[in-house]
There are 2 protein chains.
Amino acid sequence: MATLGDVAAKAHVSKMTVSRVINHPEKVTRELRELVYAAMSELNYQPNIAAKALANNRTQIVKLFILEKMDTVEPYYMSLLAGLADALDEKNYALQLVTKNSLEVGNCDGYVVTGMRNKDYGWLETVEKPIVLYGENQMGFDYVDTDNLLGLRTSTNYAFTCGYTTVVFVGINLPDSFAESREKGYTLAMAAHHAPPIIYRVDNRSHISDDLITKHFTKFPKNVCFVCASDRLAIGVERAIQRQGGKIPEDYGVIGFDGVFLDRIGSPQLTTIRQPVQKMGYETGRMVLRKIEENGSPQGHEVFVSTLVPRGTTRAPKSLPAK
Amino acid sequence: MATLGDVAAKAHVSKMTVSRVINHPEKVTRELRELVYAAMSELNYQPNIAAKALANNRTQIVKLFILEKMDTVEPYYMSLLAGLADALDEKNYALQLVTKNSLEVGNCDGYVVTGMRNKDYGWLETVEKPIVLYGENQMGFDYVDTDNLLGLRTSTNYAFTCGYTTVVFVGINLPDSFAESREKGYTLAMAAHHAPPIIYRVDNRSHISDDLITKHFTKFPKNVCFVCASDRLAIGVERAIQRQGGKIPEDYGVIGFDGVFLDRIGSPQLTTIRQPVQKMGYETGRMVLRKIEENGSPQGHEVFVSTLVPRGTTRAPKSLPAK
DNA sequence: ATGCCTTGTGTTACCGATAACATGGGTCTA
DNA sequence: TAGACCCATGTTATCGGTAACACAAGGCAT
């Protein structure tokens, strides 16, 4: 593998000039710069990351903390990881996965944290290096997330657009920001339609939402749409309705949230609000790298819009769905 | 952060002695060794990975190639990753995720490859550094996998144990080793029971298996068990049977394969053959690290036994299930 | 007692990059 | 036209480890 020195020799300049071409190209005359570029591509030069890391007093590693038990972890994490990995690769950073067992801090340049619950914040404060959260929060941490409120407002509105007269919310019973935002999106949309909110909050498990709907099914005569805070809940709801003999989408609608993997497991496949998870992962990576570069300066937050994916669990809209 | 030098100073020895204590402790007298250990823990010494990598002409990076489209990727990959990451962490290795977009080779010490299809092998031959596959293969690559044949033999036998008189195989129509092994496990078990095999092969998608069973349902009067090559297929089968009004588990049994995440999505939850995925990920990591250490020497393969998890989609066994 | 081997430890050089400083030639100003 | 200043480039030292070699002390055979 060619080194800086090899490139320098080939271009008849010093190593320092080559290094400058790479890191501060504006400080080198165009002539030499092009000589160096030529030499680099001729030798197929790839920088030695370890050497770079050592010289810069960096590790070129970003740790990803997944603060959830692995066996309940959502499938969409894979997409998140893929996006994250892409962003880090671009800057020659490596990803280090840290699961709940080994929450070791240190030996990295920054952190991405997912699956945060409110109880985790205290602990996070003690970490010194740049942190970016994947998931909205009220504690002032930089984050990337989807617009949870808008998402549920969209699905609730869409339920009305499809002509369902009763719209029920099946939410996640966690005291966390994302869960509250989704509920709020529902509540606001209901208010706008002058309809009384009907809210359930349960654990984010399909058989729990299944039980819930099974138990309360008689309360819901026809023309009801269940808007759910996750596809996982929606799957359970769909199943419960079908078992009770309810007709989807004619008499009952179901709308999920997430749109990664699980939405396609149901039959009919779920109408859902799809998060651009891979893209969000990518931007999370970019954000943490930017933060590292800028010595930890605040990055604020980046919020992505999720899109409605109409499928088999809702009937055709009566008019064009509102944007 | 404390360095080798700091530890050396504190223990009144040279840096070299400290390095030896870490890498070749047997070459240092017990007396000094303990002095050094004391100094290390007192200073909470953590080796600088970049420096180590540079000195050893290593990168301390293992790349994971996922040769599948991200949006169809199985949820159990998360468990795999978690195990893999654990193993790499132990030796201060970082994981670099590589998805189909950017199959860049280089800048790492070794590779783990998953989602191999037969067509990928040619390309793999050209890679020079240590490779370990996650998934059985006939091409002589080192690998870690579950015993696919035994797994399906177990589920098929269990179907008979539960008293189902017809056992049907729903397999994956790929020309790959794992798919063939699963089918063979079924075939062998059927032969042992002097029962004629009934085999379907379809894409590994739940709505495809759903359609399949829906279409052929009339061929299967009561007392049939469907043994599937994946939980994904099993979910579709379960749904199709229920939609047709078949009773699970009384008249129809369904047995899946994998036992990560999806098996709990169905209702009733799937009887399945569970792979110890996280453990397998861990051992894959260990294997590739060992291979790196030993300059690429062959490691053979490591095969894990999957375990039967009896749940709601099969009725109670008539006798104790055969091991 | 001499020489030789072994064993344990320290010294030196080096891995591949970068920051800080040194140098040398040209331009601008008084 | 001397001196100050700037710009582009080279030189040196350094990041934190490790291999290779140097060296001193002790054991053993002759």
# chains A, B, ... in the order shown; residues from 1 in each chain; ligands from 1
$ closest_atom_pairs --of "chain A" --to "chain D" --cutoff "12 Å" --atoms "only C-alpha atoms (C1' of nucleotides)" --output "JSON lines"
{"residue": "A:Ala8", "atom": "CA", "partner": "D:DG10", "partner_atom": "C1'", "distance": 12.0}
{"residue": "A:His12", "atom": "CA", "partner": "D:DT9", "partner_atom": "C1'", "distance": 11.9}
{"residue": "A:Val13", "atom": "CA", "partner": "D:DT9", "partner_atom": "C1'", "distance": 8.6}
{"residue": "A:Ser14", "atom": "CA", "partner": "D:DG10", "partner_atom": "C1'", "distance": 6.6}
{"residue": "A:Lys15", "atom": "CA", "partner": "D:DG10", "partner_atom": "C1'", "distance": 9.0}
{"residue": "A:Met16", "atom": "CA", "partner": "D:DG10", "partner_atom": "C1'", "distance": 7.7}
{"residue": "A:Thr17", "atom": "CA", "partner": "D:DT9", "partner_atom": "C1'", "distance": 7.1}
{"residue": "A:Val18", "atom": "CA", "partner": "D:DT9", "partner_atom": "C1'", "distance": 10.8}
{"residue": "A:Ser19", "atom": "CA", "partner": "D:DT9", "partner_atom": "C1'", "distance": 12.0}
{"residue": "A:Arg20", "atom": "CA", "partner": "D:DT9", "partner_atom": "C1'", "distance": 10.4}
{"residue": "A:Glu26", "atom": "CA", "partner": "D:DA8", "partner_atom": "C1'", "distance": 11.0}
{"residue": "A:Lys27", "atom": "CA", "partner": "D:DA8", "partner_atom": "C1'", "distance": 7.7}
{"residue": "A:Val28", "atom": "CA", "partner": "D:DA8", "partner_atom": "C1'", "distance": 6.8}
{"residue": "A:Thr29", "atom": "CA", "partner": "D:DA8", "partner_atom": "C1'", "distance": 7.4}
{"residue": "A:Arg30", "atom": "CA", "partner": "D:DA8", "partner_atom": "C1'", "distance": 11.1}
{"residue": "A:Glu31", "atom": "CA", "partner": "D:DA8", "partner_atom": "C1'", "distance": 11.6}
{"residue": "A:Leu32", "atom": "CA", "partner": "D:DA8", "partner_atom": "C1'", "distance": 10.3}
{"residue": "A:Arg33", "atom": "CA", "partner": "D:DA8", "partner_atom": "C1'", "distance": 11.8}
{"residue": "A:Ala50", "atom": "CA", "partner": "D:DC15", "partner_atom": "C1'", "distance": 10.8}
{"residue": "A:Ala51", "atom": "CA", "partner": "D:DC15", "partner_atom": "C1'", "distance": 8.7}
{"residue": "A:Lys52", "atom": "CA", "partner": "D:DC15", "partner_atom": "C1'", "distance": 9.5}
{"residue": "A:Ala53", "atom": "CA", "partner": "D:DC15", "partner_atom": "C1'", "distance": 8.8}
{"residue": "A:Leu54", "atom": "CA", "partner": "D:DC15", "partner_atom": "C1'", "distance": 5.2}
{"residue": "A:Ala55", "atom": "CA", "partner": "D:DC15", "partner_atom": "C1'", "distance": 4.9}
{"residue": "A:Asn56", "atom": "CA", "partner": "D:DC15", "partner_atom": "C1'", "distance": 7.5}
{"residue": "A:Asn57", "atom": "CA", "partner": "D:DC15", "partner_atom": "C1'", "distance": 6.7}
{"residue": "A:Arg58", "atom": "CA", "partner": "D:DC15", "partner_atom": "C1'", "distance": 9.9}
{"residue": "A:Thr59", "atom": "CA", "partner": "D:DC15", "partner_atom": "C1'", "distance": 11.8}
$ closest_atom_pairs --of "chain B" --to "chain A" --cutoff "7 Å" --atoms "only C-alpha atoms" --output "tab-separated table"
residue	atom	partner	partner_atom	distance
B:Ala50	CA	A:Ala50	CA	4.7
B:Ala51	CA	A:Leu54	CA	5.9
B:Ala53	CA	A:Ala50	CA	6.0
B:Leu54	CA	A:Ala50	CA	5.5
B:Thr59	CA	A:Ala50	CA	6.3
B:Met70	CA	A:Ser79	CA	6.3
B:Asp71	CA	A:Phe261	CA	6.8
B:Pro75	CA	A:Pro75	CA	4.7
B:Met78	CA	A:Met78	CA	6.5
B:Ser79	CA	A:Met70	CA	6.3
B:Ala82	CA	A:Thr99	CA	6.8
B:Ala85	CA	A:Leu97	CA	5.7
B:Ala94	CA	A:Gln96	CA	5.4
B:Leu95	CA	A:Leu95	CA	5.7
B:Gln96	CA	A:Ala94	CA	5.4
B:Leu97	CA	A:Ala85	CA	5.7
B:Thr99	CA	A:Ala82	CA	6.8
B:Ser206	CA	A:Ile265	CA	6.3
B:Phe261	CA	A:Asp71	CA	6.7
B:Ile265	CA	A:Ser206	CA	6.3
$ write_last_selection --atoms "C-alpha atoms" --output "short mmCIF file (atom, residue, chain, number, x, y, z; two decimals), in the first residue's frame"
data_model
loop_
_atom_site.label_atom_id
_atom_site.label_comp_id
_atom_site.auth_asym_id
_atom_site.auth_seq_id
_atom_site.Cartn_x
_atom_site.Cartn_y
_atom_site.Cartn_z
CA ALA B 50 -4.42 3.95 16.57
CA ALA B 51 -0.86 3.74 17.82
CA ALA B 53 -2.54 -0.34 14.74
CA LEU B 54 0.17 1.81 13.23
CA THR B 59 -6.03 -1.29 10.87
CA MET B 70 -31.25 -3.33 3.12
CA ASP B 71 -35.01 -3.18 2.93
CA PRO B 75 -34.41 -8.50 11.57
CA MET B 78 -29.35 -6.91 14.51
CA SER B 79 -28.62 -9.78 16.88
CA ALA B 82 -24.55 -7.30 18.41
CA ALA B 85 -19.53 -6.29 17.82
CA ALA B 94 -13.95 -1.77 15.18
CA LEU B 95 -16.66 -2.89 12.83
CA GLN B 96 -17.17 -1.29 9.48
CA LEU B 97 -20.53 -1.93 7.86
CA THR B 99 -23.67 -2.35 2.17
CA SER B 206 -44.72 -13.79 3.92
CA PHE B 261 -38.26 -11.29 16.37
CA ILE B 265 -45.28 -11.28 15.69
#
$ atom_distance --atom1 "CA of Asp6 in chain A" --atom2 "CA of Ile131 in chain B"
29.0 Å
$ interface_residues --of "chain C" --to "chain A" --cutoff "6 Å" --atoms "only C-alpha atoms (C1' of nucleotides)" --output "VMD selection string"
chain C and resid 16 to 18
$ closest_residue --among "B:Val254, B:Val144, B:Leu67, B:Val167" --to "Ser230 in chain B" --atoms "only C-alpha atoms"
B:Val254
$ atom_distance --atom1 "CA of Glu136 in chain B" --atom2 "CA of Ser177 in chain B"
6.3 Å
$ select_by_dssp --residues "range 41-190 of chain A" --states "helix (DSSP H, G or I)" --output "JSON, numbers by chain"
{"A": [41, 42, 43, 49, 50, 51, 52, 53, 54, 55, 56, 70, 71, 72, 77, 78, 79, 80, 81, 82, 83, 84, 85, 86, 87, 88, 89, 90, 118, 119, 120, 121, 122, 123, 124, 125, 148, 149, 150, 151, 152, 153, 154, 155, 156, 157, 158, 159, 160, 161, 177, 178, 179, 180, 181, 182, 183, 184, 185, 186, 187, 188, 189, 190]}
$ atom_distance --atom1 "CA of Leu64 in chain A" --atom2 "CA of Val112 in chain A"
4.8 Å
